[in-house]
>>> print(open('final_32.txt').read())   # compact mmCIF, C-alpha atoms
# COMPACT_ATOMS: atom_id res chain seq x y z
CA MET U 1 -114.76 189.49 -185.88
CA PRO U 2 -112.61 186.39 -185.64
CA CYS U 3 -110.71 185.49 -188.77
CA PRO U 4 -112.07 182.48 -190.62
CA SER U 5 -109.98 179.38 -190.12
CA ARG U 6 -107.62 178.49 -192.90
CA ARG U 7 -108.25 175.47 -194.94
CA ARG U 8 -105.81 172.79 -193.88
CA ALA U 9 -103.15 172.02 -196.50
CA MET U 10 -103.31 168.68 -198.23
CA SER U 11 -101.29 166.06 -196.37
CA VAL U 12 -98.16 164.58 -197.91
CA ALA U 13 -99.80 161.16 -198.08
CA ARG U 14 -102.93 162.49 -199.79
CA ALA U 15 -100.83 164.50 -202.24
CA TYR U 16 -98.93 161.29 -203.02
CA LEU U 17 -102.23 159.45 -203.54
CA VAL U 18 -103.64 162.14 -205.83
CA VAL U 19 -100.49 162.57 -207.91
CA HIS U 20 -99.71 158.88 -208.31
CA THR U 21 -103.31 157.97 -209.05
CA ALA U 22 -103.39 160.66 -211.73
CA VAL U 23 -100.09 159.40 -213.12
CA ILE U 24 -101.37 155.83 -213.21
CA LEU U 25 -104.60 156.86 -214.94
CA VAL U 26 -102.76 158.98 -217.50
CA ALA U 27 -100.23 156.20 -218.04
CA GLY U 28 -103.08 153.71 -218.46
CA LEU U 29 -104.76 155.94 -221.03
CA VAL U 30 -101.50 156.45 -222.88
CA VAL U 31 -100.79 152.72 -222.88
CA PHE U 32 -104.32 152.00 -224.05
CA GLY U 33 -104.02 154.62 -226.78
CA LEU U 34 -100.69 153.27 -228.00
CA LEU U 35 -101.93 149.69 -227.96
CA ALA U 36 -105.14 150.77 -229.70
CA VAL U 37 -103.14 152.42 -232.48
CA ASP U 38 -100.99 149.32 -232.70
CA ALA U 39 -104.08 147.09 -232.87
CA ARG U 40 -105.54 149.22 -235.66
CA LEU U 41 -102.32 149.18 -237.65
CA THR U 42 -101.95 145.45 -237.09
CA ALA U 43 -105.48 144.74 -238.29
CA ARG U 44 -104.97 146.96 -241.35
CA HIS U 45 -101.65 145.30 -242.11
CA GLU U 46 -103.14 141.83 -241.78
CA GLY U 47 -105.97 142.80 -244.14
CA GLU U 48 -103.50 144.16 -246.70
CA GLU U 49 -101.24 141.13 -246.41
CA THR U 50 -104.11 138.64 -246.72
CA SER U 51 -105.49 140.42 -249.78
CA ARG U 52 -102.10 140.65 -251.48
CA VAL U 53 -101.09 137.04 -250.87
CA LEU U 54 -104.46 135.70 -252.00
CA ALA U 55 -104.61 137.95 -255.09
CA GLU U 56 -101.14 136.85 -256.22
CA ALA U 57 -101.99 133.19 -255.51
CA LEU U 58 -105.18 133.35 -257.60
CA ALA U 59 -103.37 135.23 -260.38
CA SER U 60 -100.93 132.34 -260.68
CA ASP U 61 -103.57 129.60 -260.23
CA PRO U 62 -103.54 127.41 -263.39
CA PHE U 63 -107.31 126.92 -263.32
CA VAL U 64 -108.00 130.64 -263.11
CA ALA U 65 -105.37 131.36 -265.76
CA ASP U 66 -106.87 128.81 -268.17
CA VAL U 67 -110.44 130.09 -267.85
CA VAL U 68 -109.45 133.74 -268.11
CA SER U 69 -107.08 133.03 -271.01
CA GLU U 70 -109.86 131.28 -272.95
CA ALA U 71 -112.23 134.18 -272.27
CA TYR U 72 -109.56 136.67 -273.40
CA ALA U 73 -108.97 134.70 -276.61
CA ALA U 74 -112.70 134.43 -277.30
CA ARG U 75 -113.14 138.16 -276.90
CA ALA U 76 -110.21 138.70 -279.24
CA THR U 77 -111.84 136.56 -281.95
CA GLY U 78 -115.09 138.52 -281.77
CA VAL U 79 -117.23 136.22 -279.66
CA GLU U 80 -120.10 138.14 -278.10
CA GLU U 81 -119.11 139.63 -274.74
CA GLU U 82 -122.16 138.42 -272.86
CA ALA U 83 -121.52 134.85 -273.91
CA VAL U 84 -117.88 135.05 -272.94
CA VAL U 85 -118.74 136.54 -269.53
CA ALA U 86 -121.43 133.96 -268.87
CA SER U 87 -119.12 131.07 -269.75
CA ALA U 88 -116.23 132.39 -267.64
CA SER U 89 -118.54 133.23 -264.73
CA ASP U 90 -120.05 129.74 -264.70
CA ALA U 91 -116.56 128.33 -264.19
CA LEU U 92 -115.07 130.97 -261.89
CA GLN U 93 -117.97 132.19 -259.68
CA PRO U 94 -118.30 128.95 -257.64
CA TYR U 95 -114.53 128.80 -257.28
CA ALA U 96 -114.37 132.40 -256.05
CA SER U 97 -117.20 131.74 -253.58
CA ASP U 98 -115.35 128.77 -252.12
CA ILE U 99 -112.18 130.88 -251.76
CA MET U 100 -114.12 133.59 -249.90
CA SER U 101 -115.68 131.05 -247.56
CA GLU U 102 -112.36 129.38 -246.77
CA THR U 103 -110.26 132.53 -246.31
CA GLY U 104 -112.77 134.98 -244.81
CA VAL U 105 -112.14 137.73 -247.38
CA ASP U 106 -115.16 139.76 -248.45
CA TYR U 107 -114.81 139.54 -252.18
CA VAL U 108 -112.81 137.97 -254.96
CA THR U 109 -113.30 139.70 -258.30
CA ILE U 110 -111.79 138.11 -261.40
CA MET U 111 -112.08 140.30 -264.51
CA HIS U 112 -111.09 140.99 -268.09
CA PRO U 113 -108.33 143.63 -268.52
CA ASP U 114 -111.06 146.11 -269.54
CA ARG U 115 -112.62 145.80 -265.98
CA THR U 116 -115.47 143.49 -267.02
CA ARG U 117 -116.21 141.26 -264.03
CA TYR U 118 -116.37 137.49 -264.27
CA THR U 119 -117.03 137.07 -260.51
CA HIS U 120 -118.51 139.14 -257.72
CA PRO U 121 -120.06 138.40 -254.28
CA ASP U 122 -123.29 139.82 -255.72
CA PRO U 123 -124.05 137.71 -258.85
CA GLU U 124 -126.13 140.54 -260.29
CA ARG U 125 -122.94 142.64 -260.59
CA VAL U 126 -121.19 140.03 -262.75
CA GLY U 127 -120.62 141.53 -266.20
CA GLY U 128 -120.44 145.03 -264.73
CA GLU U 129 -117.36 147.23 -264.58
CA PHE U 130 -114.88 146.84 -261.74
CA VAL U 131 -114.54 150.01 -259.64
CA GLY U 132 -110.95 150.64 -258.56
CA THR U 133 -107.39 151.24 -259.67
CA ILE U 134 -105.98 148.77 -262.21
CA GLY U 135 -103.12 150.72 -263.86
CA PRO U 136 -100.25 149.26 -261.76
CA ALA U 137 -101.68 145.74 -262.11
CA LEU U 138 -101.84 146.07 -265.89
CA ALA U 139 -98.15 147.06 -265.71
CA GLY U 140 -97.35 143.85 -263.83
CA ASP U 141 -97.27 145.20 -260.27
CA THR U 142 -99.51 144.11 -257.40
CA LEU U 143 -101.37 147.14 -256.07
CA THR U 144 -102.63 147.38 -252.45
CA GLU U 145 -104.99 150.22 -251.64
CA VAL U 146 -107.99 151.40 -249.62
CA TYR U 147 -110.88 152.05 -251.98
CA ASP U 148 -114.58 152.78 -251.66
CA GLY U 149 -116.03 150.24 -254.05
CA THR U 150 -119.50 148.86 -254.67
CA LEU U 151 -119.51 147.01 -251.32
CA GLY U 152 -118.12 149.93 -249.36
CA PRO U 153 -114.61 150.96 -248.22
CA SER U 154 -112.18 148.08 -248.34
CA VAL U 155 -108.52 147.17 -248.21
CA ARG U 156 -107.84 145.49 -251.53
CA ALA U 157 -105.05 144.05 -253.62
CA THR U 158 -105.15 143.77 -257.41
CA ALA U 159 -102.79 141.54 -259.42
CA ALA U 160 -102.39 140.68 -263.09
CA ILE U 161 -103.06 137.26 -264.66
CA GLU U 162 -100.33 136.78 -267.22
CA VAL U 163 -100.09 134.08 -269.90
CA ASP U 164 -97.08 133.99 -272.22
CA GLY U 165 -96.18 137.54 -271.20
CA ASP U 166 -99.63 138.98 -271.94
CA VAL U 167 -102.02 140.31 -269.27
CA VAL U 168 -105.18 138.32 -269.99
CA GLY U 169 -107.07 139.26 -266.82
CA LEU U 170 -106.96 140.72 -263.33
CA VAL U 171 -107.75 139.48 -259.81
CA SER U 172 -108.83 141.80 -257.01
CA VAL U 173 -109.23 140.51 -253.45
CA GLY U 174 -110.57 142.74 -250.68
CA VAL U 175 -111.45 142.91 -247.00
CA LEU U 176 -114.11 145.43 -246.01
CA LEU U 177 -113.05 148.02 -243.42
CA ARG U 178 -115.97 147.09 -241.22
CA ASP U 179 -114.43 143.63 -240.87
CA ILE U 180 -111.09 145.20 -240.00
CA SER U 181 -112.87 147.33 -237.39
CA ALA U 182 -114.38 144.18 -235.90
CA ALA U 183 -110.89 142.70 -235.65
CA GLU U 184 -109.73 145.91 -234.04
CA LEU U 185 -112.51 145.74 -231.47
CA SER U 186 -111.52 142.23 -230.46
CA ARG U 187 -107.95 143.35 -230.04
CA LEU U 188 -109.01 146.50 -228.20
CA ALA U 189 -111.01 144.38 -225.77
CA ALA U 190 -107.83 142.50 -224.87
CA VAL U 191 -105.85 145.74 -224.79
CA GLY U 192 -108.46 147.36 -222.57
CA GLY U 193 -108.27 144.43 -220.17
CA ILE U 194 -104.49 144.78 -219.95
CA ALA U 195 -104.71 148.55 -219.40
CA ALA U 196 -107.45 148.13 -216.79
CA ALA U 197 -105.39 145.52 -214.93
CA PHE U 198 -102.42 147.90 -215.02
CA VAL U 199 -104.51 150.73 -213.57
CA VAL U 200 -106.10 148.54 -210.89
CA LEU U 201 -102.82 147.02 -209.73
CA GLY U 202 -101.10 150.40 -209.78
CA SER U 203 -103.94 151.98 -207.83
CA LEU U 204 -103.85 149.21 -205.22
CA ALA U 205 -100.09 149.64 -204.80
CA THR U 206 -100.56 153.41 -204.52
CA LEU U 207 -103.29 152.93 -201.89
CA VAL U 208 -101.04 150.67 -199.83
CA MET U 209 -98.24 153.24 -199.98
CA PHE U 210 -100.70 156.02 -199.16
CA ARG U 211 -101.76 154.28 -195.96
CA ARG U 212 -98.17 153.66 -194.92
CA ILE U 213 -97.12 157.25 -195.63
CA ASP U 214 -100.25 158.59 -193.93
CA ARG U 215 -99.47 156.63 -190.77
CA ALA U 216 -95.81 157.62 -190.88
CA THR U 217 -96.57 161.34 -191.33
CA ASP U 218 -99.66 161.41 -189.08
CA SER U 219 -101.66 162.93 -191.96
CA ARG U 220 -99.52 166.06 -191.92
CA GLY U 221 -98.78 168.40 -194.78
CA PRO U 222 -95.31 169.51 -195.96
CA VAL U 223 -95.31 172.66 -193.80
CA GLU U 224 -96.41 170.74 -190.72
CA LEU U 225 -93.74 168.11 -191.30
CA ARG U 226 -91.09 170.79 -191.72
CA LEU U 227 -92.16 172.45 -188.47
CA ALA U 228 -92.22 169.08 -186.71
CA PHE U 229 -88.76 168.24 -188.02
CA ASP U 230 -87.36 171.61 -186.94
CA ALA U 231 -88.96 171.22 -183.52
CA GLN U 232 -87.55 167.72 -183.16
CA ARG U 233 -84.12 168.95 -184.18
CA GLU U 234 -84.22 171.79 -181.70
CA LEU U 235 -85.41 169.37 -179.02
CA SER U 236 -82.51 167.06 -179.85
CA ASP U 237 -80.05 169.96 -179.61
CA VAL U 238 -81.51 171.09 -176.29
CA ARG U 239 -81.43 167.51 -175.00
CA THR U 240 -77.76 167.23 -175.96
CA ILE U 241 -76.86 170.37 -174.04
CA ALA U 242 -79.15 169.41 -171.13
CA ASP U 243 -77.55 165.96 -170.85
CA ALA U 244 -74.10 167.50 -170.86
CA LEU U 245 -74.99 170.12 -168.26
CA ARG U 246 -76.77 167.51 -166.13
CA ALA U 247 -73.56 165.51 -166.06
CA GLN U 248 -71.66 168.63 -165.02
CA VAL U 249 -74.17 169.41 -162.24
CA HIS U 250 -74.01 165.80 -161.08
CA GLU U 251 -70.23 165.97 -160.87
CA PHE U 252 -70.32 169.23 -158.92
CA ASP U 253 -73.00 167.84 -156.63
CA ASN U 254 -70.83 164.81 -155.85
CA ARG U 255 -67.82 167.05 -155.28
CA LEU U 256 -69.84 169.32 -152.98
CA HIS U 257 -71.05 166.39 -150.85
CA THR U 258 -67.52 165.06 -150.59
CA ILE U 259 -66.16 168.47 -149.52
CA ALA U 260 -68.92 168.77 -146.91
CA SER U 261 -68.12 165.32 -145.56
CA LEU U 262 -64.41 166.12 -145.31
CA ILE U 263 -65.19 169.31 -143.38
CA GLU U 264 -67.44 167.37 -141.00
CA LEU U 265 -64.55 164.96 -140.41
CA GLY U 266 -62.25 167.85 -139.58
CA ARG U 267 -60.11 167.34 -142.68
CA ALA U 268 -60.30 170.90 -143.93
CA ASP U 269 -57.00 170.81 -145.82
CA GLU U 270 -58.12 167.89 -147.97
CA ALA U 271 -61.50 169.56 -148.50
CA LEU U 272 -59.73 172.73 -149.68
CA ASP U 273 -57.48 170.78 -152.04
CA LEU U 274 -60.52 169.01 -153.50
CA ALA U 275 -62.40 172.30 -153.83
CA THR U 276 -59.56 174.07 -155.61
CA GLY U 277 -58.12 171.12 -157.50
CA ARG U 278 -60.49 171.48 -160.49
CA ALA U 279 -62.04 174.85 -159.69
CA GLY U 280 -60.18 176.53 -162.51
CA ASP U 281 -60.80 173.80 -165.08
CA GLY U 282 -64.20 175.09 -166.11
CA GLN U 283 -63.04 178.66 -166.59
CA ARG U 284 -59.89 177.59 -168.42
CA LEU U 285 -61.96 175.42 -170.76
CA THR U 286 -64.38 178.28 -171.29
CA ASP U 287 -61.54 180.66 -172.09
CA ARG U 288 -60.02 178.18 -174.55
CA VAL U 289 -63.28 177.29 -176.31
CA VAL U 290 -65.13 180.59 -176.45
CA GLY U 291 -63.29 183.02 -178.69
CA ALA U 292 -66.30 185.30 -179.12
CA PRO U 293 -68.81 186.30 -176.45
CA ASP U 294 -71.70 185.68 -178.86
CA GLN U 295 -71.14 181.91 -178.94
CA PRO U 296 -71.96 180.64 -175.41
CA VAL U 297 -73.49 177.46 -176.82
CA ILE U 298 -70.08 176.06 -177.73
CA ALA U 299 -68.83 176.76 -174.21
CA ALA U 300 -71.88 175.14 -172.62
CA LEU U 301 -71.62 172.12 -174.89
CA MET U 302 -67.89 171.55 -174.37
CA LEU U 303 -68.09 172.12 -170.60
CA GLY U 304 -71.00 169.71 -170.29
CA LYS U 305 -69.30 167.08 -172.47
CA ALA U 306 -66.14 167.41 -170.40
CA ALA U 307 -68.12 166.69 -167.25
CA GLN U 308 -69.99 163.83 -168.93
CA ALA U 309 -66.70 162.32 -170.12
CA HIS U 310 -65.16 162.72 -166.66
CA GLU U 311 -68.09 160.80 -165.13
CA LEU U 312 -67.37 157.94 -167.50
CA GLY U 313 -63.65 157.99 -166.81
CA VAL U 314 -62.71 159.60 -170.12
CA GLU U 315 -60.38 162.58 -170.38
CA LEU U 316 -61.64 165.21 -172.84
CA HIS U 317 -58.88 167.43 -174.20
CA VAL U 318 -59.87 170.53 -176.13
CA GLU U 319 -57.63 172.60 -178.37
CA THR U 320 -59.12 175.59 -180.14
CA HIS U 321 -57.80 178.20 -182.54
CA LEU U 322 -61.11 179.85 -183.27
CA GLU U 323 -60.81 183.57 -183.74
CA PRO U 324 -63.40 185.94 -182.24
CA GLY U 325 -66.46 186.42 -184.40
CA THR U 326 -65.54 183.92 -187.17
CA GLN U 327 -67.83 181.05 -186.19
CA GLY U 328 -71.06 182.48 -187.60
CA LEU U 329 -72.76 179.09 -187.43
CA ASP U 330 -76.29 178.40 -186.25
CA ALA U 331 -76.11 177.23 -182.63
CA GLY U 332 -78.27 174.20 -183.41
CA ASP U 333 -75.91 173.13 -186.19
CA VAL U 334 -72.92 173.36 -183.84
CA VAL U 335 -74.69 171.23 -181.23
CA THR U 336 -75.74 168.66 -183.85
CA ILE U 337 -72.24 168.29 -185.30
CA LEU U 338 -70.00 168.56 -182.22
CA GLY U 339 -72.47 166.99 -179.78
CA ASN U 340 -73.00 163.82 -181.78
CA LEU U 341 -69.33 163.45 -182.73
CA LEU U 342 -68.26 163.84 -179.09
CA ASP U 343 -70.94 161.38 -177.92
CA ASN U 344 -69.71 158.74 -180.38
CA ALA U 345 -66.07 159.36 -179.47
CA ILE U 346 -66.75 159.12 -175.71
CA GLU U 347 -68.76 155.91 -176.17
CA ALA U 348 -65.98 154.42 -178.32
CA ALA U 349 -63.32 155.28 -175.72
CA VAL U 350 -65.38 153.75 -172.91
CA ALA U 351 -66.11 150.60 -174.93
CA ARG U 352 -62.41 150.10 -175.68
CA ARG U 353 -61.46 150.54 -172.01
CA VAL U 354 -64.14 148.07 -170.86
CA ARG U 355 -63.18 145.52 -173.49
CA SER U 356 -59.42 145.70 -173.05
CA GLY U 357 -59.23 146.62 -169.37
CA GLU U 358 -56.93 149.56 -170.13
CA ALA U 359 -57.16 152.50 -167.76
CA ASP U 360 -56.37 155.20 -170.33
CA ALA U 361 -59.44 156.50 -172.20
CA TRP U 362 -59.46 159.88 -173.89
CA VAL U 363 -61.11 162.09 -176.49
CA GLU U 364 -59.46 165.05 -178.21
CA ALA U 365 -61.36 167.91 -179.83
CA TYR U 366 -59.61 170.30 -182.17
CA LEU U 367 -61.45 173.42 -183.35
CA ALA U 368 -59.91 175.90 -185.80
CA SER U 369 -60.51 178.27 -188.67
CA ASP U 370 -58.21 179.28 -191.51
CA GLU U 371 -57.65 182.58 -193.28
CA SER U 372 -60.57 181.99 -195.66
CA GLY U 373 -62.96 181.50 -192.78
CA SER U 374 -63.38 177.75 -193.28
CA LEU U 375 -63.95 175.87 -190.05
CA THR U 376 -62.43 172.57 -188.99
CA PHE U 377 -63.78 170.32 -186.23
CA GLN U 378 -61.61 167.26 -185.59
CA ILE U 379 -62.58 164.66 -182.98
CA SER U 380 -60.20 161.80 -182.12
CA ASP U 381 -60.65 159.03 -179.57
CA SER U 382 -58.87 156.07 -178.00
CA GLY U 383 -61.50 153.58 -179.15
CA ASP U 384 -61.19 150.70 -181.59
CA GLY U 385 -61.54 152.90 -184.66
CA VAL U 386 -63.78 152.43 -187.68
CA PRO U 387 -62.94 149.73 -190.26
CA VAL U 388 -62.26 151.10 -193.74
CA ALA U 389 -65.23 149.17 -195.14
CA ASP U 390 -67.60 150.88 -192.68
CA ARG U 391 -66.35 154.46 -193.00
CA ALA U 392 -68.85 155.44 -195.68
CA ARG U 393 -71.88 153.58 -194.35
CA ILE U 394 -71.73 154.74 -190.70
CA PHE U 395 -73.35 158.03 -191.77
CA ARG U 396 -76.43 156.29 -193.13
CA ARG U 397 -79.54 156.46 -191.03
CA GLY U 398 -80.01 153.43 -188.78
CA VAL U 399 -76.48 152.07 -189.34
CA THR U 400 -74.48 151.49 -186.15
CA THR U 401 -71.36 149.60 -185.16
CA LYS U 402 -72.56 149.27 -181.57
CA ALA U 403 -73.27 145.74 -180.43
CA ASP U 404 -76.18 146.40 -178.06
CA GLY U 405 -78.65 146.75 -180.92
CA GLU U 406 -80.64 149.56 -179.34
CA ARG U 407 -82.93 151.31 -181.82
CA ARG U 408 -81.77 154.74 -180.66
CA HIS U 409 -78.36 154.10 -182.19
CA GLY U 410 -77.51 154.84 -185.80
CA TYR U 411 -79.08 158.30 -186.03
CA GLY U 412 -76.51 160.69 -184.54
CA LEU U 413 -73.96 160.41 -187.33
CA ALA U 414 -76.75 160.51 -189.91
CA LEU U 415 -77.81 163.88 -188.48
CA VAL U 416 -74.19 165.04 -188.58
CA ALA U 417 -73.85 164.03 -192.24
CA ARG U 418 -77.13 165.71 -193.18
CA THR U 419 -76.20 168.95 -191.38
CA VAL U 420 -72.69 169.06 -192.85
CA ALA U 421 -74.07 168.43 -196.35
CA ARG U 422 -76.62 171.22 -195.92
CA LEU U 423 -73.83 173.60 -194.89
CA GLY U 424 -71.78 172.59 -197.93
CA GLY U 425 -69.07 170.87 -195.88
CA GLN U 426 -67.24 167.55 -195.97
CA ILE U 427 -66.61 164.69 -193.54
CA GLU U 428 -63.56 162.45 -193.49
CA VAL U 429 -63.11 159.41 -191.28
CA GLY U 430 -59.55 158.33 -190.59
CA GLU U 431 -57.44 156.60 -187.99
CA ALA U 432 -55.97 158.33 -184.94
CA ALA U 433 -52.33 157.82 -184.02
CA THR U 434 -53.31 155.28 -181.36
CA GLY U 435 -55.62 153.35 -183.69
CA GLY U 436 -58.87 154.96 -182.67
CA ALA U 437 -61.19 156.95 -184.93
CA GLU U 438 -60.45 160.43 -186.19
CA VAL U 439 -63.38 162.33 -187.71
CA THR U 440 -62.69 165.62 -189.45
CA VAL U 441 -65.47 168.00 -190.44
CA THR U 442 -64.60 170.90 -192.74
CA LEU U 443 -67.16 173.65 -193.25
CA PRO U 444 -66.90 176.55 -195.70
CA ARG U 445 -67.09 180.13 -194.49
CA PRO U 446 -70.67 180.63 -193.21
CA GLY U 447 -72.82 182.09 -195.95
CA GLU U 448 -70.55 180.89 -198.78
CA ALA U 449 -71.73 177.26 -199.09
CA SER U 450 -72.51 176.38 -202.69
>>> encode(input="final_32.txt", output="structure tokens")
Amino acid sequence: MPCPSRRRAMSVARAYLVVHTAVILVAGLVVFGLLAVDARLTARHEGEETSRVLAEALASDPFVADVVSEAYAARATGVEEEAVVASASDALQPYASDIMSETGVDYVTIMHPDRTRYTHPDPERVGGEFVGTIGPALAGDTLTEVYDGTLGPSVRATAAIEVDGDVVGLVSVGVLLRDISAAELSRLAAVGGIAAAFVVLGSLATLVMFRRIDRATDSRGPVELRLAFDAQRELSDVRTIADALRAQVHEFDNRLHTIASLIELGRADEALDLATGRAGDGQRLTDRVVGAPDQPVIAALMLGKAAQAHELGVELHVETHLEPGTQGLDAGDVVTILGNLLDNAIEAAVARRVRSGEADAWVEAYLASDESGSLTFQISDSGDGVPVADRARIFRRGVTTKADGERRHGYGLALVARTVARLGGQIEVGEAATGGAEVTVTLPRPGEAS
């Protein structure tokens, strides 16, 4: 039976959409929660502050103090309590009602020090006993508390009415918690709007980025992108070698046609000189470059680049001190590093010759390893060199010093930098003795990169 098809992995773009949407939603909830807590604390604080300020203001009000003081004195002289309460209530109840209407508090209770009420929002409770804490107020301190009184849970403040140093009465001002909750709801509505706007805007931005990433990655997942990248890299390496070898074949083809023409003209001696003049160059270069028989890629690359440089009128000089079996590098990495560095050096040498009209154009490649196994690739050229200000930025993707503005430029050195970094190596850009560029790549012993 055929194996069931695997479920396709989530694309990078969709993973981005899912993760960032979740982050935005969580962030929105957290923000809403924090602002909700802040709104609740703010409403509670405002209720406490309003109650305290109003209680202290009424405690020091001359009118309130006079009425309460008279009631206190009357009680002290034995006047009947009901009569005293009725007289004080007639004076204070309308005043307390006006205060509640103007300030929005839920109750103002003015009382005798023994808790007997002179005022209350419910007139039937006048003369009854105040329910709450009065100890601190009797001691001269304003008390703010949450208490479940006759009207329900409230935030209240209780202050003492003092005359000539004696506490002759108390004032308690309160805001019911249901009113605080209403204030909280109004604040939460604004907070919710802010949080919702945050989530909507964030989601829209995430959606825009999702579409861009989805188009850029062709809806591929991480594994697919990695495979595509590796394939592209291998294709680039193969193309580098193919271009170099194509140049070599082209040169040999031209040489062969020329030799054939000389023979047809009866100039055999000149044909022989042409045939043997550079016949040993390829083998000598191979012998100098290839120290180990398991690294033919370096030979193919250097031979091809030599032919390519020769076509362009550039002399490529190679000096190698590589010992047999010490390279140990991935062939693709070698092609990426040396191929791109040689391409840039050859282009720089050609550009300098065209600009200045000088006939001499050259590139030098130095390959070596030390006792620790570290490898050094140094490429110098006769070009214009790299300004000091540009030496760090030329390895960024898309950055190029070439004037033609072609989009294909600006990627070779970025690949070199990425490959060298992955191998744990370093790149230095300096100035050659003639003023051209000198790029030195140092790689640690293969397998020992940190």
>>> atom_distance(input="final_32.txt", atom1="atom CA of Arg125 of chain U", atom2="atom CA of Val155 of chain U")
19.5 Å
>>> atom_distance(input="final_32.txt", atom1="atom CA of Ala437 of chain U", atom2="atom CA of Gly383 of chain U")
6.7 Å
>>> residues_around(input="final_32.txt", residues="segment 134-138 of chain U", least_positions_apart="3", cutoff="7 Å", atoms="all atoms listed in the file", output="list in words")
Asp141, Thr142, Leu143, Thr158, Ala159, Ala160 and Val167 of chain U
>>> write_last_selection(input="final_32.txt", atoms="C-alpha atoms", output="tab-separated table (two decimals), in the frame of the given file")
chain	number	residue	atom	x	y	z
U	141	ASP	CA	-97.27	145.20	-260.27
U	142	THR	CA	-99.51	144.11	-257.40
U	143	LEU	CA	-101.37	147.14	-256.07
U	158	THR	CA	-105.15	143.77	-257.41
U	159	ALA	CA	-102.79	141.54	-259.42
U	160	ALA	CA	-102.39	140.68	-263.09
U	167	VAL	CA	-102.02	140.31	-269.27
>>> residues_around(input="final_32.txt", residues="His120 of chain U", least_positions_apart="4", cutoff="7 Å", atoms="only C-alpha atoms", output="list in words")
Tyr107, Val108, Thr109, Arg125 and Val126 of chain U
>>> closest_residue(input="final_32.txt", among="U:Leu322, U:Val30, U:Val64, U:Leu375", to="Arg445 of chain U", atoms="all atoms listed in the file")
U:Leu375
>>> closest_residue(input="final_32.txt", among="U:Ala433, U:Leu303, U:Leu58, U:Ala83", to="Leu342 of chain U", atoms="all atoms listed in the file")
U:Leu303
>>> closest_residue(input="final_32.txt", among="U:Ser172, U:Ser89, U:Thr419, U:Ser372", to="Thr336 of chain U", atoms="only C-alpha atoms")
U:Thr419
>>> residues_around(input="final_32.txt", residues="Glu438 of chain U", least_positions_apart="4", cutoff="8 Å", atoms="all atoms listed in the file", output="PyMOL selection string")
chain U and resi 378-381+385+429-432
>>> atom_distance(input="final_32.txt", atom1="atom CA of His317 of chain U", atom2="atom CA of Asp330 of chain U")
23.8 Å
